[in-house]
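Worksheet: the structure to be examined is printed underneath.
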Amino acid sequence: MTGPVADAGLAPYIDHTLLRPDAPASAMEQLAAEAAEHGFASVCLPPVHVTAAARALAGTAVRTGTVIAFPFGYAHPEIRIAESRQAIQDGAQELDTVMNLSWFAGGEDQRVLDDLVAWVHAARTERAVLTLKVILETALLTPDQKVRAARLAVAAGADFVKTSTGFYPSNPPAAADPAAARAQAVEDVALLVRTVGPTVGVKASGGIRDASTARALLAAGARRLGTSSGLAIIGAGRT
């Protein structure tokens with residue numbers, strides 16, 4: 001991405017997100033309405049709300065997205081696939097899944113890859129035109145591990161690598177040092193962009209609460225931003 005983006009122009013890069021476990025159906029309905037009104041790229045919401053969101057967003061350019069094996073990633077491969085098939089049948093067009101961090105931490109890279117390859121194949125068999133994203137949880141990884149994880153996602157056929165679930169604290173913690181956390185997020189995006197190359201996108205997620213941070217991540221090469229603060233970022237109201 002080149003050149004600055006006005007706040008309202010950030011909307012097409014944003015996955016308008018609500019994944020709080022206590023958020024009711026009415027909040028999901030509001031999320032979809034806001035996404036349609038402001039032209040966000042997609043909504044990202046829990047699987048149980050996909051059907052209603054897909055119905056609400058039919059006829060708009062906003063895509064319906066959900067999360068799979070979320071937020072820890074250590075689902076059995078068969079469960080990852082079954083959950084994805086259900087979401088796709090319900091109308092999901094974008095799936096964000098957490099890689100199996102337990103296997104990855106143990107050096108079982110082939111097992112991680114096999115899991116993701118099977119997931120991509122099953123999802124695309126269910127529906128050919130999907131956007132598939134693999135969440136790496138970069139706050140838990142060293143730079144070398146971030147590269148290794150991203151390469152596995154690319155080898156599996158994912159469309160995006162994604163930095164974070166947003167459920168794990170950033171490193172360094174944003175509350176303790178916001179500037180350092182933002183700098184680390186930008187650095188992570190730049191590293192992932194260099195690693196995955198031009199054919200795979202990078203989605204930044206976690207702690208994106210203002211337009212300046214959003215612009216910095218896009219300038220570093222992110223193609224999508226996952227945030228629950230989309231309205232604040234584009235200057236349209238609540239955080």
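Letters A, B, ... go to the chains of the structure tokens in the order shown; residues in each chain start at 1; ligands are counted from 1 in the same order.
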Residues near Lys133 in chain A, cut-off 7 Å, only C-alpha atoms, skip fewer than 5 positions along chain, as a list of chain:residue names: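 With the cut-off at 7 Å, the set is A:Leu95, A:Asp96, A:Thr97, A:Ala158, A:Asp159, A:Phe160, A:Val161, A:Lys162.
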Excluding range 16-29 of chain A and its own-chain neighbours fewer than 2 positions away, which residues fall within 8 Å of it when counting only C-alpha atoms? Please give them as a short mmCIF file (atom, residue, chain, number, x, y, z; two decimals) with N, CA and C atoms, in the first residue's frame.
```
data_model
loop_
_atom_site.label_atom_id
_atom_site.label_comp_id
_atom_site.auth_asym_id
_atom_site.auth_seq_id
_atom_site.Cartn_x
_atom_site.Cartn_y
_atom_site.Cartn_z
N ILE A 14 -11.01 -3.25 6.70
CA ILE A 14 -11.34 -3.70 8.06
C ILE A 14 -12.31 -4.88 8.06
N LEU A 31 -23.65 -5.35 14.41
CA LEU A 31 -22.36 -5.44 13.73
C LEU A 31 -22.55 -5.53 12.22
N ALA A 32 -23.46 -6.40 11.79
CA ALA A 32 -23.72 -6.57 10.36
C ALA A 32 -24.28 -5.29 9.75
N ALA A 33 -25.19 -4.63 10.46
CA ALA A 33 -25.76 -3.38 9.94
C ALA A 33 -24.69 -2.31 9.81
N ALA A 35 -21.48 -2.80 9.34
CA ALA A 35 -20.59 -3.18 8.24
C ALA A 35 -21.18 -2.80 6.89
N PHE A 40 -17.36 -1.93 5.38
CA PHE A 40 -16.23 -2.71 5.85
C PHE A 40 -16.04 -3.92 4.93
N ALA A 41 -14.83 -4.48 4.95
CA ALA A 41 -14.53 -5.63 4.08
C ALA A 41 -15.40 -6.82 4.45
N SER A 42 -15.51 -7.07 5.75
CA SER A 42 -16.28 -8.24 6.20
C SER A 42 -16.71 -8.02 7.64
N VAL A 43 -17.55 -8.92 8.11
CA VAL A 43 -17.75 -9.08 9.54
C VAL A 43 -17.02 -10.36 9.95
N CYS A 44 -16.55 -10.37 11.20
CA CYS A 44 -15.95 -11.58 11.76
C CYS A 44 -16.62 -11.82 13.09
N LEU A 45 -17.41 -12.89 13.15
CA LEU A 45 -18.23 -13.16 14.33
C LEU A 45 -18.26 -14.66 14.63
N PRO A 46 -18.79 -15.06 15.78
CA PRO A 46 -18.78 -16.48 16.14
C PRO A 46 -19.58 -17.33 15.16
N HIS A 49 -23.47 -17.41 14.80
CA HIS A 49 -24.19 -16.25 14.29
C HIS A 49 -24.00 -16.05 12.78
N ALA A 52 -27.41 -15.82 10.44
CA ALA A 52 -28.12 -14.54 10.49
C ALA A 52 -27.32 -13.44 9.81
N ALA A 53 -26.01 -13.45 9.99
CA ALA A 53 -25.18 -12.42 9.37
C ALA A 53 -25.19 -12.54 7.85
N ALA A 56 -28.38 -11.18 6.58
CA ALA A 56 -28.45 -9.72 6.69
C ALA A 56 -27.58 -9.03 5.65
N GLY A 226 -8.08 -6.75 11.44
CA GLY A 226 -9.14 -7.29 12.27
C GLY A 226 -9.26 -6.48 13.54
N THR A 227 -10.44 -5.89 13.76
CA THR A 227 -10.60 -5.01 14.91
C THR A 227 -12.06 -4.88 15.31
N SER A 228 -12.27 -4.73 16.60
CA SER A 228 -13.61 -4.42 17.11
C SER A 228 -13.81 -2.92 17.24
N SER A 229 -12.81 -2.13 16.84
CA SER A 229 -12.88 -0.67 16.95
C SER A 229 -13.03 0.00 15.59
N GLY A 230 -13.66 -0.70 14.66
CA GLY A 230 -13.78 -0.17 13.31
C GLY A 230 -14.46 1.17 13.22
#
```
Within 12 Å of Tyr13 in chain A using only C-alpha atoms, minus same-chain residues under 6 positions, as an MDAnalysis selection string: chainID A and resid 1 5 7 35 38:43 62:63 201:205 211 214:215 217:218 221:227 230 233:234
Spatial neighbours of Tyr168 in chain A, max dist 10 Å, only C-alpha atoms, sep filter under 4 positions, as a list in words: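 In the requested format, the answer is Pro71, Phe72, Glu137, Thr138, Ala139, Leu140, Ser164, Pro173 and Gly206 of chain A.
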Create the file for the chosen residues now, containing C-alpha atoms and written as a PDB file, in the first residue's frame.
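Written file, selection_31.pdb:
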```
ATOM      1  CA  PRO A  71      -9.016 -19.181  20.090  1.00  0.00           C
ATOM      2  CA  PHE A  72      -6.452 -21.892  20.955  1.00  0.00           C
ATOM      3  CA  GLU A 137      -0.524 -15.868  17.410  1.00  0.00           C
ATOM      4  CA  THR A 138       2.712 -13.942  16.928  1.00  0.00           C
ATOM      5  CA  ALA A 139       2.888 -12.770  20.572  1.00  0.00           C
ATOM      6  CA  LEU A 140       3.847 -16.335  21.478  1.00  0.00           C
ATOM      7  CA  SER A 164      -3.325 -12.678  16.408  1.00  0.00           C
ATOM      8  CA  PRO A 173       1.663  -5.581  26.645  1.00  0.00           C
ATOM      9  CA  GLY A 206      -5.186  -7.384  18.096  1.00  0.00           C
TER      10      GLY A 206
END
```
Just the alpha helix (DSSP H) stuff from range 94-150 of chain A, please, per backbone DSSP, written as number ranges by chain. A: 101-105, 109-126, 143-150
Given the selection you just returned, output its residues as a file containing C-alpha atoms, formatted as an mmCIF file, in the first residue's frame.
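Wrote selection_37.cif, looks like this:
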```
data_model
loop_
_atom_site.group_PDB
_atom_site.id
_atom_site.type_symbol
_atom_site.label_atom_id
_atom_site.label_comp_id
_atom_site.auth_asym_id
_atom_site.auth_seq_id
_atom_site.Cartn_x
_atom_site.Cartn_y
_atom_site.Cartn_z
ATOM 1 C CA LEU A 101 0.273 -24.038 18.348
ATOM 2 C CA SER A 102 0.830 -27.028 20.627
ATOM 3 C CA TRP A 103 2.118 -29.172 17.780
ATOM 4 C CA PHE A 104 4.099 -26.235 16.403
ATOM 5 C CA ALA A 105 5.766 -25.548 19.760
ATOM 6 C CA ASP A 109 5.800 -28.993 11.671
ATOM 7 C CA GLN A 110 4.698 -31.789 9.339
ATOM 8 C CA ARG A 111 1.741 -32.512 11.571
ATOM 9 C CA VAL A 112 0.776 -28.827 11.559
ATOM 10 C CA LEU A 113 1.107 -28.712 7.791
ATOM 11 C CA ASP A 114 -0.953 -31.861 7.261
ATOM 12 C CA ASP A 115 -3.701 -30.401 9.471
ATOM 13 C CA LEU A 116 -3.791 -27.143 7.511
ATOM 14 C CA VAL A 117 -3.566 -28.816 4.092
ATOM 15 C CA ALA A 118 -6.529 -31.039 4.963
ATOM 16 C CA TRP A 119 -8.455 -28.006 6.236
ATOM 17 C CA VAL A 120 -7.835 -25.976 3.076
ATOM 18 C CA HIS A 121 -8.770 -28.901 0.835
ATOM 19 C CA ALA A 122 -11.969 -29.660 2.744
ATOM 20 C CA ALA A 123 -13.054 -26.028 2.839
ATOM 21 C CA ARG A 124 -12.473 -25.476 -0.865
ATOM 22 C CA THR A 125 -14.243 -28.721 -1.676
ATOM 23 C CA GLU A 126 -17.260 -27.401 0.201
ATOM 24 C CA PRO A 143 10.956 -14.051 14.877
ATOM 25 C CA ASP A 144 12.254 -17.353 13.491
ATOM 26 C CA GLN A 145 9.074 -19.119 14.595
ATOM 27 C CA LYS A 146 6.933 -16.438 12.955
ATOM 28 C CA VAL A 147 8.708 -17.089 9.654
ATOM 29 C CA ARG A 148 8.399 -20.859 10.081
ATOM 30 C CA ALA A 149 4.707 -20.654 10.914
ATOM 31 C CA ALA A 150 3.941 -18.327 8.021
#
```
Find the residues near Ala183 in chain A: any atom within 12 Å, counting only C-alpha atoms, skip ones fewer than 3 places away on the same chain, and give them as a ChimeraX atom specification. /A:170-174,177-180,186-190,207-208,212-214,216-217,220
Please compute the CA of Ala8 in chain A-CA of Gly235 in chain A distance, one decimal, in Å.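 Those two atoms sit 7.0 Å apart.
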